>>> print(open('start01.cif').read())   # mmCIF, N, CA and C atoms
data_input
loop_
_atom_site.label_atom_id
_atom_site.label_comp_id
_atom_site.auth_asym_id
_atom_site.auth_seq_id
_atom_site.Cartn_x
_atom_site.Cartn_y
_atom_site.Cartn_z
N MET W 1 85.50 91.04 75.87
CA MET W 1 86.69 90.30 76.25
C MET W 1 87.27 90.88 77.53
N GLU W 2 87.61 90.01 78.47
CA GLU W 2 88.13 90.43 79.77
C GLU W 2 89.60 90.82 79.64
N THR W 3 89.98 91.91 80.33
CA THR W 3 91.38 92.35 80.34
C THR W 3 92.18 91.41 81.24
N PRO W 4 93.33 90.91 80.76
CA PRO W 4 94.15 90.03 81.58
C PRO W 4 94.66 90.73 82.84
N GLU W 5 94.85 89.95 83.90
CA GLU W 5 95.38 90.49 85.15
C GLU W 5 96.75 91.12 84.91
N LEU W 6 96.99 92.21 85.62
CA LEU W 6 98.28 92.87 85.56
C LEU W 6 99.15 92.39 86.71
N LYS W 7 100.36 91.97 86.41
CA LYS W 7 101.35 91.53 87.39
C LYS W 7 102.55 92.45 87.28
N VAL W 8 103.18 92.75 88.42
CA VAL W 8 104.40 93.55 88.42
C VAL W 8 105.55 92.66 88.87
N VAL W 9 106.63 92.70 88.11
CA VAL W 9 107.84 91.94 88.43
C VAL W 9 108.98 92.93 88.56
N THR W 10 109.60 92.99 89.74
CA THR W 10 110.79 93.84 89.85
C THR W 10 111.93 93.12 89.13
N GLY W 11 112.67 93.87 88.33
CA GLY W 11 113.79 93.27 87.61
C GLY W 11 113.39 92.21 86.61
N ALA W 12 112.38 92.48 85.82
CA ALA W 12 111.86 91.49 84.86
C ALA W 12 112.87 91.10 83.79
N PHE W 13 113.93 91.87 83.64
CA PHE W 13 114.93 91.55 82.62
C PHE W 13 116.17 90.90 83.24
N GLY W 14 116.17 90.73 84.56
CA GLY W 14 117.28 90.09 85.26
C GLY W 14 117.15 88.58 85.27
N TYR W 15 118.06 87.92 85.95
CA TYR W 15 118.14 86.46 85.92
C TYR W 15 116.84 85.79 86.35
N THR W 16 116.37 86.06 87.55
CA THR W 16 115.14 85.43 88.05
C THR W 16 113.90 86.05 87.42
N GLY W 17 113.91 87.38 87.33
CA GLY W 17 112.75 88.09 86.81
C GLY W 17 112.34 87.70 85.41
N LYS W 18 113.32 87.40 84.56
CA LYS W 18 112.97 87.05 83.18
C LYS W 18 112.21 85.73 83.11
N TYR W 19 112.51 84.79 84.02
CA TYR W 19 111.79 83.52 84.02
C TYR W 19 110.36 83.70 84.55
N ILE W 20 110.23 84.52 85.57
CA ILE W 20 108.89 84.82 86.08
C ILE W 20 108.07 85.51 85.00
N THR W 21 108.68 86.51 84.35
CA THR W 21 108.00 87.27 83.30
C THR W 21 107.61 86.37 82.13
N ARG W 22 108.52 85.54 81.70
CA ARG W 22 108.24 84.62 80.58
C ARG W 22 107.03 83.73 80.92
N LYS W 23 106.99 83.21 82.14
CA LYS W 23 105.88 82.34 82.56
C LYS W 23 104.57 83.12 82.60
N LEU W 24 104.59 84.31 83.17
CA LEU W 24 103.37 85.12 83.24
C LEU W 24 102.84 85.47 81.86
N LEU W 25 103.74 85.85 80.95
CA LEU W 25 103.31 86.17 79.58
C LEU W 25 102.73 84.94 78.89
N SER W 26 103.33 83.77 79.13
CA SER W 26 102.81 82.54 78.51
C SER W 26 101.43 82.18 79.06
N MET W 27 101.11 82.69 80.24
CA MET W 27 99.80 82.45 80.85
C MET W 27 98.79 83.52 80.43
N GLY W 28 99.21 84.44 79.57
CA GLY W 28 98.31 85.48 79.08
C GLY W 28 98.15 86.66 80.01
N LYS W 29 99.05 86.82 80.98
CA LYS W 29 98.98 87.94 81.92
C LYS W 29 99.67 89.17 81.33
N ARG W 30 99.22 90.33 81.77
CA ARG W 30 99.92 91.57 81.43
C ARG W 30 101.02 91.74 82.46
N VAL W 31 102.18 92.23 82.02
CA VAL W 31 103.32 92.38 82.92
C VAL W 31 103.89 93.78 82.84
N ARG W 32 104.18 94.31 84.01
CA ARG W 32 104.87 95.59 84.16
C ARG W 32 106.12 95.31 84.97
N THR W 33 107.21 95.98 84.67
CA THR W 33 108.41 95.82 85.48
C THR W 33 108.82 97.13 86.13
N LEU W 34 109.39 97.01 87.30
CA LEU W 34 110.07 98.11 87.97
C LEU W 34 111.55 97.75 87.91
N THR W 35 112.36 98.69 87.47
CA THR W 35 113.77 98.39 87.24
C THR W 35 114.65 99.59 87.54
N GLY W 36 115.89 99.30 87.87
CA GLY W 36 116.88 100.35 88.04
C GLY W 36 117.48 100.77 86.71
N HIS W 37 117.09 100.07 85.65
CA HIS W 37 117.62 100.35 84.30
C HIS W 37 116.47 100.50 83.30
N PRO W 38 115.65 101.55 83.45
CA PRO W 38 114.47 101.70 82.59
C PRO W 38 114.79 101.94 81.11
N ALA W 39 116.01 102.35 80.79
CA ALA W 39 116.37 102.58 79.39
C ALA W 39 116.89 101.32 78.70
N ARG W 40 117.12 100.27 79.46
CA ARG W 40 117.62 99.01 78.89
C ARG W 40 116.57 98.40 77.96
N GLN W 41 117.01 97.84 76.86
CA GLN W 41 116.08 97.24 75.90
C GLN W 41 115.44 95.98 76.49
N SER W 42 114.16 95.85 76.28
CA SER W 42 113.41 94.71 76.80
C SER W 42 113.57 93.48 75.91
N PRO W 43 113.91 92.34 76.51
CA PRO W 43 113.95 91.12 75.72
C PRO W 43 112.55 90.63 75.35
N PHE W 44 111.53 91.29 75.90
CA PHE W 44 110.14 90.90 75.63
C PHE W 44 109.43 91.89 74.71
N GLY W 45 110.23 92.76 74.07
CA GLY W 45 109.64 93.75 73.17
C GLY W 45 108.70 94.67 73.91
N ASP W 46 107.54 94.92 73.32
CA ASP W 46 106.58 95.82 73.95
C ASP W 46 105.56 95.08 74.81
N GLN W 47 105.81 93.80 75.10
CA GLN W 47 104.88 93.03 75.93
C GLN W 47 104.95 93.40 77.41
N VAL W 48 106.03 94.08 77.80
CA VAL W 48 106.23 94.45 79.20
C VAL W 48 106.37 95.96 79.29
N SER W 49 105.54 96.60 80.12
CA SER W 49 105.70 98.04 80.33
C SER W 49 106.77 98.26 81.40
N ILE W 50 107.56 99.32 81.23
CA ILE W 50 108.75 99.55 82.05
C ILE W 50 108.61 100.84 82.84
N PHE W 51 108.89 100.72 84.16
CA PHE W 51 108.88 101.87 85.05
C PHE W 51 110.14 101.83 85.92
N PRO W 52 110.69 103.01 86.28
CA PRO W 52 111.85 103.02 87.18
C PRO W 52 111.41 102.69 88.61
N PHE W 53 112.36 102.24 89.43
CA PHE W 53 112.04 101.92 90.82
C PHE W 53 111.46 103.11 91.59
N ASN W 54 112.00 104.28 91.42
CA ASN W 54 111.49 105.48 92.10
C ASN W 54 111.43 105.33 93.62
N PHE W 55 112.44 104.69 94.22
CA PHE W 55 112.45 104.55 95.67
C PHE W 55 112.49 105.92 96.35
N ASP W 56 113.10 106.90 95.69
CA ASP W 56 113.21 108.25 96.25
C ASP W 56 111.97 109.11 95.97
N LYS W 57 111.00 108.55 95.24
CA LYS W 57 109.74 109.24 94.95
C LYS W 57 108.59 108.27 95.21
N PRO W 58 108.27 108.03 96.49
CA PRO W 58 107.27 107.01 96.85
C PRO W 58 105.92 107.18 96.16
N SER W 59 105.47 108.41 95.94
CA SER W 59 104.16 108.58 95.28
C SER W 59 104.22 108.08 93.84
N GLN W 60 105.35 108.27 93.16
CA GLN W 60 105.51 107.74 91.80
C GLN W 60 105.58 106.21 91.82
N LEU W 61 106.22 105.68 92.85
CA LEU W 61 106.31 104.23 92.99
C LEU W 61 104.92 103.63 93.18
N VAL W 62 104.10 104.28 94.00
CA VAL W 62 102.72 103.82 94.20
C VAL W 62 101.97 103.82 92.88
N LYS W 63 102.10 104.90 92.12
CA LYS W 63 101.41 104.99 90.83
C LYS W 63 101.82 103.87 89.88
N SER W 64 103.11 103.52 89.90
CA SER W 64 103.58 102.47 88.99
C SER W 64 103.10 101.09 89.42
N LEU W 65 102.65 100.95 90.66
CA LEU W 65 102.15 99.67 91.16
C LEU W 65 100.63 99.54 91.06
N GLN W 66 99.94 100.65 90.88
CA GLN W 66 98.48 100.62 90.88
C GLN W 66 97.92 99.81 89.71
N GLY W 67 96.83 99.11 90.01
CA GLY W 67 96.14 98.33 88.99
C GLY W 67 96.59 96.88 88.89
N ALA W 68 97.68 96.56 89.58
CA ALA W 68 98.20 95.19 89.52
C ALA W 68 97.63 94.35 90.67
N ILE W 69 97.58 93.06 90.44
CA ILE W 69 97.09 92.11 91.43
C ILE W 69 98.24 91.57 92.28
N THR W 70 99.39 91.31 91.65
CA THR W 70 100.50 90.67 92.33
C THR W 70 101.80 91.39 92.02
N LEU W 71 102.64 91.50 93.05
CA LEU W 71 103.99 92.03 92.90
C LEU W 71 104.96 90.90 93.18
N TYR W 72 105.78 90.56 92.17
CA TYR W 72 106.85 89.58 92.33
C TYR W 72 108.13 90.35 92.57
N ASN W 73 108.64 90.32 93.79
CA ASN W 73 109.81 91.10 94.13
C ASN W 73 111.08 90.28 94.04
N THR W 74 111.94 90.62 93.10
CA THR W 74 113.26 89.97 92.99
C THR W 74 114.36 90.95 93.37
N TYR W 75 113.98 92.14 93.83
CA TYR W 75 114.97 93.18 94.14
C TYR W 75 115.82 92.79 95.34
N TRP W 76 117.11 92.85 95.17
CA TRP W 76 118.07 92.65 96.24
C TRP W 76 119.44 92.98 95.68
N VAL W 77 120.42 93.12 96.55
CA VAL W 77 121.79 93.32 96.11
C VAL W 77 122.64 92.14 96.60
N ARG W 78 123.52 91.66 95.75
CA ARG W 78 124.38 90.53 96.13
C ARG W 78 125.51 90.98 97.03
N PHE W 79 125.99 92.20 96.78
CA PHE W 79 127.08 92.75 97.58
C PHE W 79 127.00 94.26 97.49
N SER W 80 127.48 94.92 98.52
CA SER W 80 127.49 96.39 98.53
C SER W 80 128.41 96.89 97.43
N GLN W 81 127.93 97.93 96.73
CA GLN W 81 128.72 98.51 95.65
C GLN W 81 128.36 99.99 95.58
N GLY W 82 129.33 100.86 95.88
CA GLY W 82 129.08 102.29 95.86
C GLY W 82 128.04 102.67 96.90
N GLN W 83 127.00 103.37 96.46
CA GLN W 83 125.94 103.81 97.38
C GLN W 83 124.90 102.73 97.62
N ILE W 84 124.96 101.63 96.91
CA ILE W 84 124.00 100.55 97.08
C ILE W 84 124.58 99.55 98.08
N THR W 85 124.04 99.59 99.29
CA THR W 85 124.48 98.71 100.37
C THR W 85 123.33 97.81 100.79
N PHE W 86 123.62 96.84 101.65
CA PHE W 86 122.55 95.98 102.16
C PHE W 86 121.52 96.82 102.93
N ASP W 87 122.02 97.78 103.73
CA ASP W 87 121.09 98.64 104.47
C ASP W 87 120.20 99.44 103.53
N LYS W 88 120.79 99.93 102.44
CA LYS W 88 120.00 100.68 101.45
C LYS W 88 118.99 99.76 100.77
N ALA W 89 119.37 98.51 100.49
CA ALA W 89 118.44 97.55 99.88
C ALA W 89 117.27 97.27 100.80
N ILE W 90 117.54 97.16 102.10
CA ILE W 90 116.46 96.94 103.07
C ILE W 90 115.54 98.16 103.10
N GLU W 91 116.14 99.34 103.14
CA GLU W 91 115.34 100.58 103.12
C GLU W 91 114.49 100.66 101.84
N ASN W 92 115.07 100.34 100.69
CA ASN W 92 114.33 100.37 99.43
C ASN W 92 113.21 99.35 99.42
N THR W 93 113.47 98.17 99.97
CA THR W 93 112.44 97.14 100.00
C THR W 93 111.30 97.54 100.92
N LYS W 94 111.60 98.18 102.03
CA LYS W 94 110.55 98.71 102.91
C LYS W 94 109.69 99.72 102.15
N THR W 95 110.35 100.59 101.39
CA THR W 95 109.63 101.59 100.58
C THR W 95 108.74 100.89 99.56
N LEU W 96 109.25 99.84 98.93
CA LEU W 96 108.48 99.08 97.95
C LEU W 96 107.25 98.43 98.60
N ILE W 97 107.44 97.84 99.76
CA ILE W 97 106.33 97.18 100.45
C ILE W 97 105.28 98.20 100.89
N GLN W 98 105.73 99.34 101.39
CA GLN W 98 104.78 100.39 101.77
C GLN W 98 104.01 100.88 100.55
N ALA W 99 104.68 101.04 99.42
CA ALA W 99 104.01 101.47 98.19
C ALA W 99 103.01 100.41 97.74
N ALA W 100 103.37 99.14 97.85
CA ALA W 100 102.45 98.06 97.49
C ALA W 100 101.23 98.08 98.40
N GLN W 101 101.46 98.37 99.67
CA GLN W 101 100.35 98.46 100.61
C GLN W 101 99.41 99.60 100.22
N GLU W 102 99.98 100.75 99.87
CA GLU W 102 99.17 101.88 99.43
C GLU W 102 98.42 101.58 98.14
N ALA W 103 99.06 100.82 97.25
CA ALA W 103 98.44 100.47 95.97
C ALA W 103 97.44 99.33 96.13
N ARG W 104 97.30 98.82 97.35
CA ARG W 104 96.31 97.79 97.71
C ARG W 104 96.56 96.45 97.04
N TYR W 105 97.78 95.96 97.19
CA TYR W 105 98.12 94.65 96.65
C TYR W 105 97.47 93.54 97.43
N ALA W 106 97.13 92.48 96.72
CA ALA W 106 96.59 91.28 97.36
C ALA W 106 97.70 90.30 97.69
N LEU W 107 98.78 90.28 96.91
CA LEU W 107 99.85 89.31 97.12
C LEU W 107 101.19 89.94 96.83
N LEU W 108 102.12 89.75 97.75
CA LEU W 108 103.49 90.18 97.54
C LEU W 108 104.35 88.93 97.58
N SER W 109 104.93 88.58 96.45
CA SER W 109 105.75 87.38 96.36
C SER W 109 107.20 87.81 96.37
N ASP W 110 107.95 87.36 97.36
CA ASP W 110 109.33 87.78 97.53
C ASP W 110 110.24 86.67 97.02
N VAL W 111 111.00 86.97 95.97
CA VAL W 111 111.83 85.98 95.31
C VAL W 111 113.26 86.48 95.30
N ARG W 112 114.19 85.64 95.66
CA ARG W 112 115.61 85.99 95.60
C ARG W 112 116.29 85.12 94.56
N ALA W 113 117.22 85.72 93.82
CA ALA W 113 117.85 85.01 92.70
C ALA W 113 118.86 83.96 93.15
N SER W 114 119.53 84.17 94.24
CA SER W 114 120.63 83.28 94.61
C SER W 114 120.29 82.47 95.86
N PRO W 115 120.54 81.15 95.82
CA PRO W 115 120.33 80.32 97.01
C PRO W 115 121.19 80.78 98.18
N LEU W 116 122.30 81.45 97.88
CA LEU W 116 123.18 81.97 98.91
C LEU W 116 122.44 82.93 99.84
N PHE W 117 121.43 83.59 99.32
CA PHE W 117 120.70 84.57 100.11
C PHE W 117 119.40 84.03 100.69
N LEU W 118 119.20 82.71 100.63
CA LEU W 118 117.97 82.14 101.15
C LEU W 118 117.78 82.47 102.62
N GLN W 119 118.83 82.31 103.43
CA GLN W 119 118.71 82.62 104.85
C GLN W 119 118.42 84.10 105.06
N VAL W 120 119.08 84.96 104.31
CA VAL W 120 118.83 86.39 104.41
C VAL W 120 117.39 86.69 104.02
N ALA W 121 116.92 86.06 102.95
CA ALA W 121 115.54 86.29 102.48
C ALA W 121 114.53 85.86 103.54
N ILE W 122 114.76 84.70 104.15
CA ILE W 122 113.84 84.23 105.19
C ILE W 122 113.85 85.18 106.37
N PHE W 123 115.06 85.59 106.81
CA PHE W 123 115.16 86.55 107.90
C PHE W 123 114.45 87.84 107.53
N PHE W 124 114.71 88.33 106.30
CA PHE W 124 114.12 89.59 105.88
C PHE W 124 112.59 89.51 105.82
N LEU W 125 112.08 88.40 105.31
CA LEU W 125 110.64 88.23 105.22
C LEU W 125 110.02 88.24 106.62
N GLU W 126 110.65 87.54 107.57
CA GLU W 126 110.15 87.54 108.95
C GLU W 126 110.25 88.94 109.54
N PHE W 127 111.37 89.62 109.29
CA PHE W 127 111.55 90.98 109.77
C PHE W 127 110.47 91.90 109.20
N THR W 128 110.21 91.75 107.90
CA THR W 128 109.22 92.59 107.23
C THR W 128 107.83 92.35 107.82
N LYS W 129 107.46 91.10 108.04
CA LYS W 129 106.15 90.78 108.60
C LYS W 129 105.98 91.42 109.97
N LYS W 130 107.06 91.44 110.76
CA LYS W 130 107.00 92.01 112.11
C LYS W 130 107.06 93.53 112.09
N SER W 131 107.73 94.09 111.08
CA SER W 131 107.96 95.53 111.03
C SER W 131 106.82 96.34 110.44
N PHE W 132 105.96 95.69 109.66
CA PHE W 132 104.88 96.40 109.00
C PHE W 132 103.54 95.83 109.42
N PRO W 133 102.63 96.68 109.82
CA PRO W 133 101.27 96.19 110.11
C PRO W 133 100.53 96.01 108.78
N ILE W 134 100.81 94.92 108.10
CA ILE W 134 100.26 94.67 106.77
C ILE W 134 98.82 94.21 106.88
N GLY W 135 97.94 94.96 106.29
CA GLY W 135 96.53 94.56 106.26
C GLY W 135 96.15 94.22 104.85
N GLY W 136 95.75 92.99 104.61
CA GLY W 136 95.27 92.61 103.28
C GLY W 136 96.35 92.23 102.31
N ILE W 137 97.62 92.18 102.76
CA ILE W 137 98.70 91.74 101.88
C ILE W 137 99.18 90.40 102.38
N PHE W 138 99.29 89.44 101.49
CA PHE W 138 99.76 88.12 101.83
C PHE W 138 101.14 87.94 101.25
N PHE W 139 102.03 87.32 102.01
CA PHE W 139 103.38 87.06 101.55
C PHE W 139 103.47 85.62 101.08
N ALA W 140 104.15 85.42 99.96
CA ALA W 140 104.35 84.06 99.44
C ALA W 140 105.81 83.82 99.17
#
>>> encode(input="start01.cif", output="structure tokens")
Amino acid sequence: METPELKVVTGAFGYTGKYITRKLLSMGKRVRTLTGHPARQSPFGDQVSIFPFNFDKPSQLVKSLQGAITLYNTYWVRFSQGQITFDKAIENTKTLIQAAQEARYALLSDVRASPLFLQVAIFFLEFTKKSFPIGGIFFA
């Protein structure tokens, strides 16, 4: 029996991530999540493996991404709060993309939860494409 493809969803228990995760599980895919709340109870039981974001430990972030075919990125901040600012979110996303590149991803799907951030997401995606010499990673 063939092992199902592994997909990684950032924020699989959040608003957008839970719908992506639910769809992937219904398709028979294995799902792993990267989250800022690794101790939070999973609404999917043990069907989803949970790893912390580890933006401050890039080698650990790479390890948590290895073995997956696709990364569905829903990570973003709606507004600055404490130490989490838009600049920090951009820095963290760059770290995530670099880790995905090291883990040899075939597809990076960038998803934002709020239509309010569509323009920011488009700008960020264009910025990311220009800022990183991505080899072998496709953006969707």
>>> residues_around(input="start01.cif", residues="W:Lys88", least_positions_apart="4", cutoff="12 Å", atoms="only C-alpha atoms", output="PyMOL selection string")
chain W and resi 55-56+75-77+79-84+92-95
>>> residues_around(input="start01.cif", residues="W:Gly36", least_positions_apart="4", cutoff="10 Å", atoms="only C-alpha atoms", output="ChimeraX atom specification")
/W:10-11,40,51-55,75
>>> atom_distance(input="start01.cif", atom1="atom CA of W:Gly67", atom2="atom CA of W:Leu6")
6.8 Å
>>> atom_distance(input="start01.cif", atom1="atom CA of W:Gln101", atom2="atom CA of W:Glu2")
25.5 Å
>>> atom_distance(input="start01.cif", atom1="atom CA of W:Thr74", atom2="atom CA of W:Ala12")
8.4 Å
>>> closest_residue(input="start01.cif", among="W:Gln66, W:Gln60, W:Ser26, W:Thr33", to="W:Ala103", atoms="all atoms listed in the file")
W:Gln66
